[in-house]
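Undergrad: Below is final-v1.txt; it holds compact mmCIF, C-alpha atoms.
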```
# COMPACT_ATOMS: atom_id res chain seq x y z
CA MET A 1 -15.17 -30.98 -4.29
CA GLN A 2 -14.71 -27.24 -4.59
CA LYS A 3 -13.54 -24.99 -1.80
CA ILE A 4 -12.40 -21.42 -1.28
CA VAL A 5 -8.70 -21.17 -0.52
CA VAL A 6 -6.53 -18.24 0.58
CA PRO A 7 -2.79 -17.67 0.11
CA GLY A 8 -0.68 -20.12 2.06
CA GLU A 9 -3.40 -22.73 2.30
CA LYS A 10 -2.42 -26.27 1.31
CA VAL A 11 -4.29 -27.54 -1.74
CA VAL A 12 -2.41 -30.76 -2.55
CA ASN A 13 -0.24 -32.84 -0.23
CA THR A 14 2.47 -33.40 -2.83
CA PRO A 15 4.46 -30.84 -4.79
CA VAL A 16 2.71 -30.50 -8.16
CA ARG A 17 2.67 -27.74 -10.72
CA ILE A 18 -0.65 -25.87 -10.80
CA GLU A 19 -1.21 -22.31 -11.96
CA ASN A 20 -1.51 -19.73 -9.13
CA THR A 21 0.18 -22.00 -6.61
CA ILE A 22 3.63 -22.45 -5.16
CA SER A 23 5.08 -25.72 -3.90
CA ASP A 24 7.77 -26.98 -1.61
CA LYS A 25 8.75 -30.50 -0.58
CA ASN A 26 5.76 -30.86 1.75
CA GLY A 27 3.00 -29.87 -0.63
CA THR A 28 1.41 -27.32 -2.91
CA TYR A 29 -0.06 -24.09 -1.57
CA ALA A 30 -2.41 -21.50 -3.03
CA CYS A 31 -0.88 -18.08 -3.62
CA VAL A 32 -4.06 -16.19 -4.49
CA ILE A 33 -7.56 -16.20 -3.05
CA GLY A 34 -9.52 -18.55 -5.27
CA PHE A 35 -11.71 -21.53 -5.83
CA PHE A 36 -9.87 -24.85 -5.80
CA ASP A 37 -11.36 -27.70 -7.77
CA ASP A 38 -10.10 -30.96 -6.32
CA ALA A 39 -11.15 -33.15 -9.22
CA ARG A 40 -9.72 -31.03 -12.02
CA LYS A 41 -6.79 -29.82 -9.88
CA ILE A 42 -7.13 -26.19 -10.89
CA LEU A 43 -7.20 -22.99 -8.87
CA ILE A 44 -9.57 -20.36 -10.24
CA PRO A 45 -8.65 -16.93 -8.84
CA LEU A 46 -11.48 -14.91 -7.32
CA GLU A 47 -9.57 -11.64 -7.47
CA GLY A 48 -6.63 -10.63 -9.51
CA VAL A 49 -4.84 -8.41 -11.92
CA TRP A 50 -4.61 -8.72 -15.67
CA GLN A 51 -1.37 -9.88 -17.25
CA PRO A 52 -1.16 -9.00 -20.96
CA ARG A 53 -0.93 -11.92 -23.37
CA SER A 54 -0.70 -11.66 -27.11
CA GLY A 55 -4.11 -11.91 -28.75
CA ASP A 56 -6.03 -10.39 -25.84
CA THR A 57 -8.69 -7.83 -26.68
CA VAL A 58 -8.35 -4.74 -24.53
CA ILE A 59 -10.23 -1.47 -24.16
CA GLY A 60 -8.35 1.68 -23.31
CA ILE A 61 -8.36 5.43 -23.46
CA VAL A 62 -5.84 7.35 -25.54
CA GLU A 63 -3.74 9.43 -23.19
CA GLU A 64 -1.26 11.03 -25.51
CA ASP A 65 -0.63 11.45 -29.23
CA LYS A 66 3.12 11.43 -29.91
CA GLY A 67 2.85 11.82 -33.65
CA THR A 68 4.11 8.41 -34.66
CA MET A 69 2.61 6.64 -31.69
CA LEU A 70 -0.43 6.73 -29.46
CA ILE A 71 -0.03 6.11 -25.75
CA ILE A 72 -3.05 4.31 -24.33
CA ASN A 73 -4.11 3.75 -20.76
CA ILE A 74 -5.15 0.10 -20.51
CA ASN A 75 -5.78 -0.27 -16.79
CA ALA A 76 -2.60 -2.28 -16.22
CA PRO A 77 0.91 -1.75 -14.84
CA TYR A 78 1.94 -1.17 -18.45
CA LYS A 79 1.21 1.52 -21.02
CA GLY A 80 -0.38 0.56 -24.33
CA LEU A 81 1.27 1.72 -27.55
CA ALA A 82 -0.20 1.85 -31.07
CA LEU A 83 1.59 3.01 -34.21
CA THR A 84 -0.30 5.80 -35.91
CA LYS A 85 0.67 4.77 -39.45
CA PHE A 86 -1.57 1.70 -39.23
CA LEU A 87 -4.62 3.59 -37.99
CA GLU A 88 -7.80 3.15 -39.97
CA ALA A 89 -9.81 5.96 -38.42
CA ASP A 90 -8.80 9.27 -36.97
CA ILE A 91 -8.00 8.60 -33.34
CA THR A 92 -6.85 11.35 -31.01
CA THR A 93 -6.30 11.99 -27.34
CA GLY A 94 -9.31 11.17 -25.18
CA ASP A 95 -10.83 8.58 -27.53
CA THR A 96 -11.88 5.17 -26.31
CA ILE A 97 -10.46 2.34 -28.38
CA ALA A 98 -10.61 -1.44 -28.56
CA ALA A 99 -7.45 -3.19 -29.71
CA THR A 100 -5.61 -6.51 -29.73
CA VAL A 101 -2.39 -7.09 -27.82
CA LYS A 102 0.54 -7.88 -30.12
CA ASP A 103 3.19 -8.44 -27.49
CA LEU A 104 4.79 -7.15 -24.34
CA GLU A 105 7.71 -4.88 -25.19
CA LYS A 106 11.01 -4.93 -23.35
CA GLY A 107 10.56 -1.48 -21.86
CA GLY A 108 7.42 -2.52 -19.99
CA SER A 109 4.80 -1.43 -22.50
CA VAL A 110 2.20 -3.31 -24.52
CA MET A 111 2.14 -3.05 -28.32
CA LEU A 112 -1.43 -2.94 -29.60
CA LEU A 113 -2.74 -3.84 -33.04
CA LYS A 114 -5.80 -2.76 -34.98
CA PRO A 115 -7.14 -0.03 -32.70
CA THR A 116 -10.75 0.77 -33.46
CA LYS A 117 -12.55 3.79 -32.12
CA LEU A 118 -15.57 3.17 -29.88
CA GLN A 119 -18.13 5.91 -30.25
CA GLY A 120 -20.84 6.63 -27.71
CA GLY A 121 -21.88 3.98 -25.20
CA LYS A 122 -20.42 3.66 -21.74
CA LEU A 123 -17.57 1.92 -20.02
CA ILE A 124 -17.79 -0.18 -16.90
CA SER A 125 -14.89 -1.50 -14.95
CA VAL A 126 -14.92 -5.01 -13.46
CA SER A 127 -12.35 -7.22 -11.78
CA PRO A 128 -10.23 -8.83 -14.57
CA SER A 129 -10.48 -12.20 -12.80
CA LYS A 130 -14.24 -12.25 -13.42
CA ILE A 131 -13.97 -11.64 -17.18
CA PRO A 132 -13.90 -15.36 -18.16
CA ARG A 133 -17.18 -15.86 -16.30
CA ILE A 134 -18.75 -12.81 -17.97
CA ILE A 135 -17.77 -14.15 -21.38
CA GLY A 136 -18.94 -17.67 -20.54
CA SER A 137 -17.95 -20.82 -22.36
CA GLY A 138 -17.96 -20.07 -26.08
CA ASN A 139 -19.30 -16.53 -25.51
CA SER A 140 -22.55 -18.01 -24.15
CA MET A 141 -23.02 -15.63 -21.23
CA VAL A 142 -22.28 -12.39 -23.03
CA LYS A 143 -24.37 -13.50 -26.02
CA GLN A 144 -27.27 -14.19 -23.69
CA ILE A 145 -27.06 -10.68 -22.24
CA SER A 146 -26.70 -8.90 -25.56
CA ASP A 147 -29.53 -10.93 -27.11
CA GLY A 148 -31.81 -10.30 -24.14
CA THR A 149 -31.22 -6.58 -23.84
CA GLY A 150 -30.25 -5.62 -27.38
CA THR A 151 -27.05 -4.04 -26.12
CA LYS A 152 -23.83 -4.21 -28.05
CA ILE A 153 -21.05 -5.41 -25.71
CA ILE A 154 -17.32 -5.44 -26.22
CA ILE A 155 -15.28 -7.01 -23.44
CA GLY A 156 -11.70 -5.98 -22.77
CA LEU A 157 -9.74 -8.65 -20.94
CA ASN A 158 -8.10 -5.85 -18.96
CA GLY A 159 -11.33 -5.46 -16.99
CA ILE A 160 -13.06 -2.74 -19.02
CA ILE A 161 -16.35 -3.42 -20.79
CA TRP A 162 -17.95 -1.18 -23.39
CA LEU A 163 -21.74 -1.15 -23.73
CA SER A 164 -23.86 0.64 -26.27
CA GLY A 165 -27.53 0.77 -27.22
CA GLY A 166 -30.50 -1.29 -26.04
CA LYS A 167 -31.38 -1.66 -22.39
CA MET A 168 -27.96 -0.67 -21.16
CA ASP A 169 -28.83 -0.41 -17.48
CA ILE A 170 -30.13 -3.98 -17.39
CA ALA A 171 -27.06 -5.26 -19.22
CA THR A 172 -24.89 -3.35 -16.73
CA SER A 173 -26.62 -4.79 -13.70
CA ALA A 174 -26.42 -8.29 -15.22
CA ILE A 175 -22.68 -7.90 -15.68
CA LEU A 176 -22.22 -6.56 -12.17
CA LYS A 177 -24.28 -9.47 -10.84
CA ILE A 178 -22.00 -11.93 -12.62
CA GLN A 179 -19.01 -10.16 -11.11
CA GLU A 180 -20.44 -10.48 -7.62
CA GLU A 181 -21.62 -14.08 -7.93
CA ALA A 182 -18.95 -15.46 -10.28
CA HIS A 183 -18.11 -18.34 -7.94
CA THR A 184 -21.66 -19.67 -7.56
CA SER A 185 -23.31 -22.34 -9.66
CA GLY A 186 -26.54 -21.89 -11.62
CA LEU A 187 -25.54 -18.36 -12.57
CA THR A 188 -26.41 -18.76 -16.27
CA ASP A 189 -30.02 -19.54 -15.40
CA ARG A 190 -30.34 -16.57 -13.06
CA ILE A 191 -28.91 -14.20 -15.66
CA LYS A 192 -31.23 -15.69 -18.26
CA LYS A 193 -34.18 -14.99 -16.00
CA MET A 194 -32.93 -11.48 -15.31
CA VAL A 195 -32.55 -10.44 -18.96
CA SER A 196 -35.66 -12.25 -20.23
CA ASN A 197 -37.91 -10.90 -17.45
CA THR A 198 -37.11 -7.37 -18.45
CA LYS A 199 -37.93 -8.07 -22.05
CA VAL A 200 -41.57 -8.71 -21.15
CA GLN A 201 -42.02 -5.49 -19.21
CA MET B 1 -1.55 8.61 36.64
CA SER B 2 1.59 10.57 37.48
CA GLY B 3 4.45 10.05 35.08
CA SER B 4 7.17 8.67 37.31
CA GLU B 5 5.05 6.24 39.31
CA LYS B 6 4.87 2.75 37.85
CA PRO B 7 1.44 1.18 38.18
CA GLU B 8 0.87 -2.42 39.15
CA LEU B 9 0.24 -4.14 35.82
CA ILE B 10 -0.55 -7.66 37.00
CA ILE B 11 -2.84 -8.16 39.97
CA ASN B 12 -3.63 -11.69 41.17
CA GLY B 13 -2.36 -13.15 37.90
CA LYS B 14 -4.70 -11.01 35.84
CA ARG B 15 -3.89 -7.97 33.77
CA LEU B 16 -5.51 -4.53 34.07
CA ASP B 17 -8.14 -5.30 31.44
CA GLY B 18 -8.88 -8.71 32.93
CA ARG B 19 -6.91 -10.76 30.45
CA MET B 20 -4.69 -13.70 31.30
CA PRO B 21 -0.95 -13.23 30.54
CA ASN B 22 -1.13 -15.21 27.29
CA GLN B 23 -4.51 -13.94 26.16
CA LEU B 24 -4.99 -11.85 23.01
CA ARG B 25 -7.38 -8.93 22.72
CA ASP B 26 -10.50 -9.42 20.61
CA ILE B 27 -9.76 -9.20 16.90
CA LYS B 28 -12.25 -8.43 14.18
CA ILE B 29 -11.33 -8.07 10.49
CA GLU B 30 -13.45 -6.98 7.56
CA THR B 31 -12.40 -6.85 3.90
CA GLY B 32 -13.49 -4.69 0.98
CA VAL B 33 -14.03 -1.52 2.99
CA ILE B 34 -12.49 0.80 0.38
CA LYS B 35 -14.19 0.52 -2.99
CA ASN B 36 -11.54 2.38 -4.98
CA ALA B 37 -8.69 0.22 -3.71
CA VAL B 38 -7.69 -3.06 -5.31
CA GLY B 39 -7.82 -4.65 -1.88
CA SER B 40 -8.59 -3.33 1.57
CA ALA B 41 -9.15 -4.40 5.14
CA TYR B 42 -10.34 -2.90 8.41
CA ILE B 43 -9.19 -4.34 11.69
CA GLU B 44 -10.39 -3.82 15.22
CA TRP B 45 -7.78 -5.22 17.54
CA GLY B 46 -8.88 -4.41 21.06
CA ARG B 47 -9.27 -0.63 20.95
CA ASN B 48 -7.02 -0.30 17.88
CA LYS B 49 -8.86 0.64 14.73
CA ILE B 50 -6.86 0.46 11.52
CA VAL B 51 -7.64 0.64 7.80
CA ALA B 52 -5.29 -0.82 5.20
CA GLY B 53 -5.56 -0.28 1.45
CA VAL B 54 -3.67 -1.77 -1.49
CA TYR B 55 -3.27 -0.12 -4.90
CA GLY B 56 -1.56 -1.55 -7.95
CA PRO B 57 0.40 -3.19 -9.39
CA LYS B 58 1.08 -0.21 -11.59
CA GLU B 59 4.07 1.26 -13.35
CA ALA B 60 6.68 2.30 -10.78
CA LEU B 61 7.31 6.02 -10.84
CA PRO B 62 9.64 7.91 -10.86
CA LYS B 63 11.37 5.69 -13.40
CA HIS B 64 14.68 5.41 -11.56
CA VAL B 65 13.04 3.45 -8.73
CA GLN B 66 11.91 0.71 -11.14
CA ASP B 67 13.45 -2.71 -10.81
CA PRO B 68 13.45 -4.51 -14.18
CA GLU B 69 13.32 -7.89 -12.45
CA LYS B 70 10.55 -7.39 -9.91
CA ALA B 71 7.98 -5.02 -8.53
CA ILE B 72 8.70 -2.68 -5.66
CA ILE B 73 6.50 -2.09 -2.63
CA LYS B 74 5.83 1.35 -1.26
CA CYS B 75 4.38 1.38 2.20
CA ARG B 76 3.04 4.23 4.26
CA TYR B 77 2.04 3.78 7.87
CA ALA B 78 0.42 6.82 9.41
CA MET B 79 -1.41 7.64 12.59
CA SER B 80 -4.36 9.97 12.36
CA PRO B 81 -4.07 13.18 14.37
CA PHE B 82 -7.03 12.07 16.47
CA SER B 83 -5.90 8.48 16.96
CA GLY B 84 -4.28 8.78 20.37
CA VAL B 85 -3.56 11.07 23.26
CA GLU B 86 0.18 11.15 23.02
CA ASP B 87 2.67 13.06 20.98
CA HIS B 88 3.50 10.22 18.58
CA SER B 89 0.01 10.31 17.17
CA ARG B 90 0.77 13.55 15.39
CA SER B 91 0.06 13.09 11.72
CA GLY B 92 2.68 13.31 9.01
CA PRO B 93 5.96 11.56 8.41
CA ASN B 94 8.10 11.42 11.49
CA ARG B 95 10.86 9.19 12.78
CA ARG B 96 8.49 6.60 14.15
CA SER B 97 6.15 6.31 11.16
CA THR B 98 9.08 6.19 8.74
CA GLU B 99 10.55 3.31 10.71
CA ILE B 100 7.29 1.38 10.86
CA SER B 101 6.68 1.93 7.15
CA LYS B 102 10.11 0.48 6.44
CA VAL B 103 9.76 -2.63 8.60
CA THR B 104 6.25 -3.25 7.25
CA ARG B 105 7.52 -2.98 3.69
CA GLU B 106 10.22 -5.51 4.44
CA VAL B 107 7.67 -7.97 5.84
CA PHE B 108 5.71 -7.91 2.58
CA GLU B 109 8.75 -7.94 0.30
CA ASN B 110 9.30 -11.45 1.61
CA VAL B 111 5.82 -12.84 0.98
CA VAL B 112 4.49 -11.08 -2.14
CA LEU B 113 5.59 -12.77 -5.40
CA LEU B 114 7.10 -9.56 -6.74
CA GLU B 115 8.91 -11.19 -9.67
CA GLN B 116 5.57 -11.55 -11.46
CA PHE B 117 5.36 -7.78 -12.01
CA PRO B 118 8.71 -6.51 -13.31
CA GLY B 119 8.97 -2.74 -13.29
CA GLY B 120 5.78 -2.49 -11.25
CA GLU B 121 4.87 -0.92 -7.97
CA ILE B 122 2.45 -1.96 -5.25
CA ASP B 123 1.25 0.74 -2.86
CA LEU B 124 0.30 -0.15 0.65
CA TYR B 125 -1.37 2.34 2.95
CA ILE B 126 -1.96 1.71 6.63
CA ASP B 127 -3.92 4.33 8.51
CA VAL B 128 -4.42 4.16 12.24
CA LEU B 129 -7.75 5.67 13.22
CA GLN B 130 -7.57 4.83 16.90
CA SER B 131 -4.53 3.55 18.73
CA ASP B 132 -4.09 1.56 21.88
CA GLY B 133 -0.66 -0.04 21.68
CA GLY B 134 0.57 -2.63 19.22
CA THR B 135 -0.52 -0.74 16.12
CA ARG B 136 2.40 -1.88 13.99
CA ALA B 137 1.48 -5.51 14.61
CA ALA B 138 -2.20 -4.87 13.96
CA GLY B 139 -1.31 -2.83 10.86
CA ILE B 140 0.76 -5.67 9.40
CA THR B 141 -2.02 -8.15 10.15
CA ALA B 142 -4.58 -5.93 8.40
CA ALA B 143 -2.31 -5.15 5.44
CA ALA B 144 -1.74 -8.87 4.90
CA VAL B 145 -5.48 -9.41 4.61
CA ALA B 146 -5.83 -6.39 2.29
CA LEU B 147 -3.09 -7.74 0.01
CA ALA B 148 -4.60 -11.22 -0.07
CA SER B 149 -8.05 -9.83 -0.85
CA SER B 150 -6.62 -7.89 -3.81
CA GLY B 151 -5.58 -11.09 -5.57
CA ILE B 152 -1.93 -10.09 -5.75
CA PRO B 153 -0.06 -13.42 -5.55
CA MET B 154 1.69 -14.02 -2.27
CA SER B 155 3.26 -17.08 -0.72
CA ASP B 156 1.52 -16.70 2.62
CA ILE B 157 -0.59 -14.40 4.81
CA PRO B 158 1.73 -13.14 7.54
CA PHE B 159 0.51 -12.09 10.97
CA ALA B 160 2.15 -9.95 13.62
CA VAL B 161 1.74 -9.61 17.35
CA SER B 162 3.88 -8.37 20.21
CA VAL B 163 5.00 -9.98 23.42
CA GLY B 164 6.20 -8.04 26.44
CA LYS B 165 7.56 -8.46 29.92
CA VAL B 166 6.27 -7.17 33.24
CA GLY B 167 8.54 -8.10 36.11
CA ASN B 168 9.34 -11.71 35.39
CA GLN B 169 6.11 -12.43 33.59
CA LEU B 170 5.87 -12.55 29.80
CA ILE B 171 2.60 -11.07 28.56
CA MET B 172 1.01 -11.34 25.16
CA ASP B 173 -0.29 -8.47 23.03
CA MET B 174 0.26 -5.42 25.23
CA ASP B 175 -2.05 -2.44 25.21
CA LYS B 176 -1.02 1.19 25.65
CA ILE B 177 -0.63 1.29 29.43
CA GLU B 178 1.21 -2.01 29.55
CA ASP B 179 3.44 -0.84 26.71
CA ASN B 180 4.34 2.37 28.52
CA TYR B 181 5.27 0.74 31.80
CA SER B 182 6.52 -2.72 30.77
CA ASP B 183 10.14 -3.82 30.98
CA ALA B 184 10.33 -5.07 27.40
CA ASP B 185 8.32 -5.15 24.19
CA MET B 186 9.00 -7.42 21.22
CA PRO B 187 6.79 -7.18 18.09
CA VAL B 188 7.19 -10.16 15.77
CA ALA B 189 5.76 -10.93 12.33
CA ILE B 190 5.70 -14.54 11.19
CA SER B 191 4.78 -16.39 8.01
CA PRO B 192 2.64 -19.17 9.49
CA ARG B 193 3.16 -21.65 6.64
CA THR B 194 6.93 -21.81 6.99
CA GLY B 195 7.39 -20.32 10.45
CA GLU B 196 9.80 -17.74 9.02
CA ILE B 197 10.28 -14.62 11.12
CA LEU B 198 9.69 -11.54 8.95
CA LEU B 199 9.95 -8.86 11.62
CA LEU B 200 11.59 -8.87 15.00
CA GLN B 201 12.14 -5.74 16.99
CA MET B 202 12.79 -5.30 20.69
CA ASP B 203 12.57 -2.49 23.21
CA GLY B 204 13.97 -3.13 26.67
CA ASN B 205 15.77 -6.25 27.78
CA LEU B 206 14.85 -9.90 27.44
CA THR B 207 17.08 -12.86 28.21
CA LYS B 208 17.79 -15.55 25.65
CA SER B 209 15.32 -17.96 27.24
CA GLU B 210 12.65 -15.25 27.49
CA VAL B 211 12.99 -14.51 23.78
CA SER B 212 12.47 -18.15 22.84
CA ALA B 213 9.59 -18.48 25.31
CA GLY B 214 8.08 -15.32 23.82
CA LEU B 215 8.43 -16.65 20.28
CA SER B 216 6.65 -19.87 21.14
CA MET B 217 3.84 -17.85 22.77
CA ILE B 218 3.57 -15.82 19.57
CA LYS B 219 3.43 -18.92 17.38
CA GLU B 220 0.63 -20.26 19.54
CA ALA B 221 -1.34 -17.01 19.36
CA GLY B 222 -0.63 -16.83 15.64
CA GLU B 223 -2.88 -19.79 15.01
CA THR B 224 -5.80 -17.77 16.37
CA ILE B 225 -4.86 -14.67 14.38
CA SER B 226 -4.33 -16.61 11.14
CA LYS B 227 -7.69 -18.25 11.54
CA ILE B 228 -9.40 -14.85 11.93
CA GLN B 229 -7.54 -13.55 8.87
CA ARG B 230 -8.61 -16.49 6.72
CA GLU B 231 -12.21 -16.36 7.87
CA ALA B 232 -12.36 -12.63 7.12
CA LEU B 233 -11.09 -13.27 3.60
CA LYS B 234 -13.54 -16.06 2.88
CA ALA B 235 -16.59 -14.50 4.55
CA PRO B 236 -17.87 -12.31 1.66
CA TYR B 237 -17.68 -15.20 -0.83
CA GLU B 238 -19.26 -17.70 1.51
CA LYS B 239 -22.10 -15.30 2.18
CA ILE B 240 -22.99 -15.28 -1.52
CA LEU B 241 -22.57 -19.06 -1.78
CA GLU B 242 -24.93 -19.44 1.15
CA ARG B 243 -27.57 -17.42 -0.69
CA TYR B 244 -27.84 -20.00 -3.48
CA LYS B 245 -27.43 -23.17 -1.46
CA GLU B 246 -30.10 -25.73 -2.23
```
Take the structure in this file and express it as structure tokens.
TA:
Amino acid sequence: MQKIVVPGEKVVNTPVRIENTISDKNGTYACVIGFFDDARKILIPLEGVWQPRSGDTVIGIVEEDKGTMLIININAPYKGLALTKFLEADITTGDTIAATVKDLEKGGSVMLLKPTKLQGGKLISVSPSKIPRIIGSGNSMVKQISDGTGTKIIIGLNGIIWLSGGKMDIATSAILKIQEEAHTSGLTDRIKKMVSNTKVQ
Amino acid sequence: MSGSEKPELIINGKRLDGRMPNQLRDIKIETGVIKNAVGSAYIEWGRNKIVAGVYGPKEALPKHVQDPEKAIIKCRYAMSPFSGVEDHSRSGPNRRSTEISKVTREVFENVVLLEQFPGGEIDLYIDVLQSDGGTRAAGITAAAVALASSGIPMSDIPFAVSVGKVGNQLIMDMDKIEDNYSDADMPVAISPRTGEILLLQMDGNLTKSEVSAGLSMIKEAGETISKIQREALKAPYEKILERYKE
């Protein structure tokens, strides 16, 4: 059975180790607002902040060009850094880039690899906790949207999504609908209907 | 009401607004009221109206305030210039708002899992739009809901409420008039999961037995407040679930 839990609510009567929970001798308690799946014993957060992990794709905006290094705003408590000597294209202050996280540096910044410039299109910001649902299992959800609307979509795990071309407004509203209804079932079918309906018109 | 004269606060066992001594005012909480904030909450606690907003975690600035092992919390409690009739509702930092900001910050330093965001900062803003006594307790209660709705990990949702004394009678959750003329006032914040006391202040005099009686009254009332907090947090999600129920 699935249920919505809030911080401090008991999820299991024994102390067990589950992500996003804390435990003491009397039991295990949720520490974020989320969806608890009793059968699989996992807590899926409904809201949350992004924690950088190596290999994550992120989208950011270049804030400053320091000559040897670019400083990039990645919508996180940390600044993104990219070495200019590895740049493929000419990237300067104000550009939007997509990059991969290499690692979290000691000084509280994120080293980014392979920054590529994103030209045109638009950015939308969503809650980072809803990103897995927007991607879907094996990219199914995002593929469905981009196939249906003809929009090119790049998803940053930091909660920023870049869209370009095609029926962008429909793709945007589909993504925002997923964000709002991420915790409901049958969402894939509703999104399918949404993007295929518009194709006919 | 002339200043020196003390009004009768309890008449035939009932208080001026018709409540019983251990009765809370009506509480209503709503989340997600500020779109630009990471988490937010609006509370109506009797005639108190308070908005709380949470921003962050972000890089703590200026750099010298950073803690490499955990995040820091910055809290600002402020009363709007139009929130009350008395002098303390003047806007801007003053002795009283600085104090309340500090004690509120200390409440949340004990429940938010700050070690997950080293070098970070979480901003907490509590704005009183309309005041009628007990705003620090209502502010903490609202800020707890705002923090929980932001998804920032925390070990519990604390609540706060005050207990006071009129004559020999302990009364729960005092409003402005009762606060002005009571013999004692004790706001308390508690983590309901563990029963830990996160805030305890006292104006006036209470005996040892009155303090423990007051604390047990607060724990009892806390069950009601915690329930309202949890329902407010779950309500927006349940509303959407309801929409697609077969």
Undergrad: Can you check which residues of chain B have any atom within 9 Å of chain A? Use all atoms listed in the file and format it as a compact mmCIF listing (two decimals) with C-alpha atoms, in the frame of the given file.
TA:
```txt
# COMPACT_ATOMS: atom_id res chain seq x y z
CA VAL B 38 -7.69 -3.06 -5.31
CA GLY B 56 -1.56 -1.55 -7.95
CA PRO B 57 0.40 -3.19 -9.39
CA LYS B 58 1.08 -0.21 -11.59
CA GLU B 59 4.07 1.26 -13.35
CA ALA B 60 6.68 2.30 -10.78
CA PRO B 68 13.45 -4.51 -14.18
CA VAL B 112 4.49 -11.08 -2.14
CA LEU B 113 5.59 -12.77 -5.40
CA PHE B 117 5.36 -7.78 -12.01
CA PRO B 118 8.71 -6.51 -13.31
CA GLY B 119 8.97 -2.74 -13.29
CA GLY B 120 5.78 -2.49 -11.25
CA GLU B 121 4.87 -0.92 -7.97
CA ALA B 148 -4.60 -11.22 -0.07
CA SER B 149 -8.05 -9.83 -0.85
CA SER B 150 -6.62 -7.89 -3.81
CA GLY B 151 -5.58 -11.09 -5.57
CA ILE B 152 -1.93 -10.09 -5.75
CA PRO B 153 -0.06 -13.42 -5.55
CA MET B 154 1.69 -14.02 -2.27
CA SER B 155 3.26 -17.08 -0.72
CA ASP B 156 1.52 -16.70 2.62
CA ILE B 157 -0.59 -14.40 4.81
CA SER B 191 4.78 -16.39 8.01
CA PRO B 192 2.64 -19.17 9.49
CA ARG B 193 3.16 -21.65 6.64
CA ARG B 230 -8.61 -16.49 6.72
CA LEU B 233 -11.09 -13.27 3.60
CA LYS B 234 -13.54 -16.06 2.88
CA TYR B 237 -17.68 -15.20 -0.83
CA GLU B 238 -19.26 -17.70 1.51
CA ILE B 240 -22.99 -15.28 -1.52
CA LEU B 241 -22.57 -19.06 -1.78
CA TYR B 244 -27.84 -20.00 -3.48
```
Undergrad: Would you list the contacts of B:Ala232 as a PDB file with C-alpha atoms, keeping the file's coordinate frame, taking every protein, DNA or RNA residue within 9 Å and counting all atoms listed in the file, but skipping same-chain residues closer than 4 positions in sequence?
TA:
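Final output, out12.pdb:
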```
ATOM      1  CA  LYS B  28     -12.250  -8.430  14.180  1.00  0.00           C
ATOM      2  CA  ILE B  29     -11.330  -8.070  10.490  1.00  0.00           C
ATOM      3  CA  GLU B  30     -13.450  -6.980   7.560  1.00  0.00           C
ATOM      4  CA  THR B  31     -12.400  -6.850   3.900  1.00  0.00           C
ATOM      5  CA  VAL B 145      -5.480  -9.410   4.610  1.00  0.00           C
ATOM      6  CA  LYS B 227      -7.690 -18.250  11.540  1.00  0.00           C
ATOM      7  CA  ILE B 228      -9.400 -14.850  11.930  1.00  0.00           C
ATOM      8  CA  PRO B 236     -17.870 -12.310   1.660  1.00  0.00           C
TER       9      PRO B 236
END
```
Undergrad: Find the residues around A:Leu157 up to 10 Å (all atoms listed in the file counted), leave out those fewer than 4 positions away in its own chain, and share them as a list in words.
TA: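 In the requested format, the answer is Trp50, Gln51, Pro52, Arg53, Asp56, Thr57, Val58, Ile59, Ile74, Thr100, Val126, Ser127, Pro128, Ser129, Lys130, Ile131, Pro132, Ile135 and Ile161 of chain A.
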Undergrad: Between atom CA of A:Val195 and atom CA of A:Gly148, what distance in Å does the model show, to one decimal?
TA: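 These two atoms are separated by 5.2 Å.
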Undergrad: Mind giving me the straight-line distance from atom CA of B:Ile122 to atom CA of B:Ile72 in Å, one decimal?
TA: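 Atom-to-atom, atom CA of B:Ile122 to atom CA of B:Ile72, that is 6.3 Å.
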Undergrad: Looking at only C-alpha atoms, which of B:Ala143, B:Gly13, B:Ala138, B:Gly204 is the one that sits closest to B:Arg76?
TA: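 Selected residue with least distance to B:Arg76: B:Ala143.
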Undergrad: What is the atom CA of B:Val107 to atom CA of B:Ile190 distance in Å?
TA: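 About the pair atom CA of B:Val107 and atom CA of B:Ile190: they are 8.7 Å apart.
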Undergrad: Using all atoms listed in the file, find all polymer residues with an atom at most 10 Å away from the point (8.2, -2.4, 6.2); report them as a list in words.
TA: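 Residues with an atom at most 10 Å from (8.2, -2.4, 6.2): Ile73, Lys74, Cys75, Arg76, Tyr77, Thr98, Glu99, Ile100, Ser101, Lys102, Val103, Thr104, Arg105, Glu106, Val107, Phe108, Glu109, Leu124, Arg136, Ile140, Leu198 and Leu199 of chain B.
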Undergrad: So which one's closest to B:Leu24, B:Pro81, B:Gly53, B:Gly46, B:Pro62? Using all atoms listed in the file, please.
TA: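 When distances to B:Leu24 are compared using all atoms listed in the file, the smallest one comes from B:Gly46.
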Undergrad: Nearest to A:Asp65: which of A:Val101, A:Thr92, A:Gly166, A:Lys85 is it, counting all atoms listed in the file?
TA: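 Selected residue with least distance to A:Asp65: A:Thr92.
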Undergrad: Point out the residue among A:Thr84, A:Thr96, A:Thr14, A:Gln179 with the least atom-to-atom distance to A:Glu63, counting all atoms listed in the file.
TA: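 Distance minimum relative to A:Glu63 lands on A:Thr96.
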Undergrad: Within 10 Å of B:Thr224, counting all atoms listed in the file, which residues show up once you throw out same-chain ones fewer than 5 positions away? Write them as a compact mmCIF listing (two decimals) with C-alpha atoms, in the coordinates of the input, please.
TA:
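What landed in out.txt:
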```txt
# COMPACT_ATOMS: atom_id res chain seq x y z
CA LEU B 24 -4.99 -11.85 23.01
CA ILE B 27 -9.76 -9.20 16.90
CA LYS B 219 3.43 -18.92 17.38
CA GLN B 229 -7.54 -13.55 8.87
```
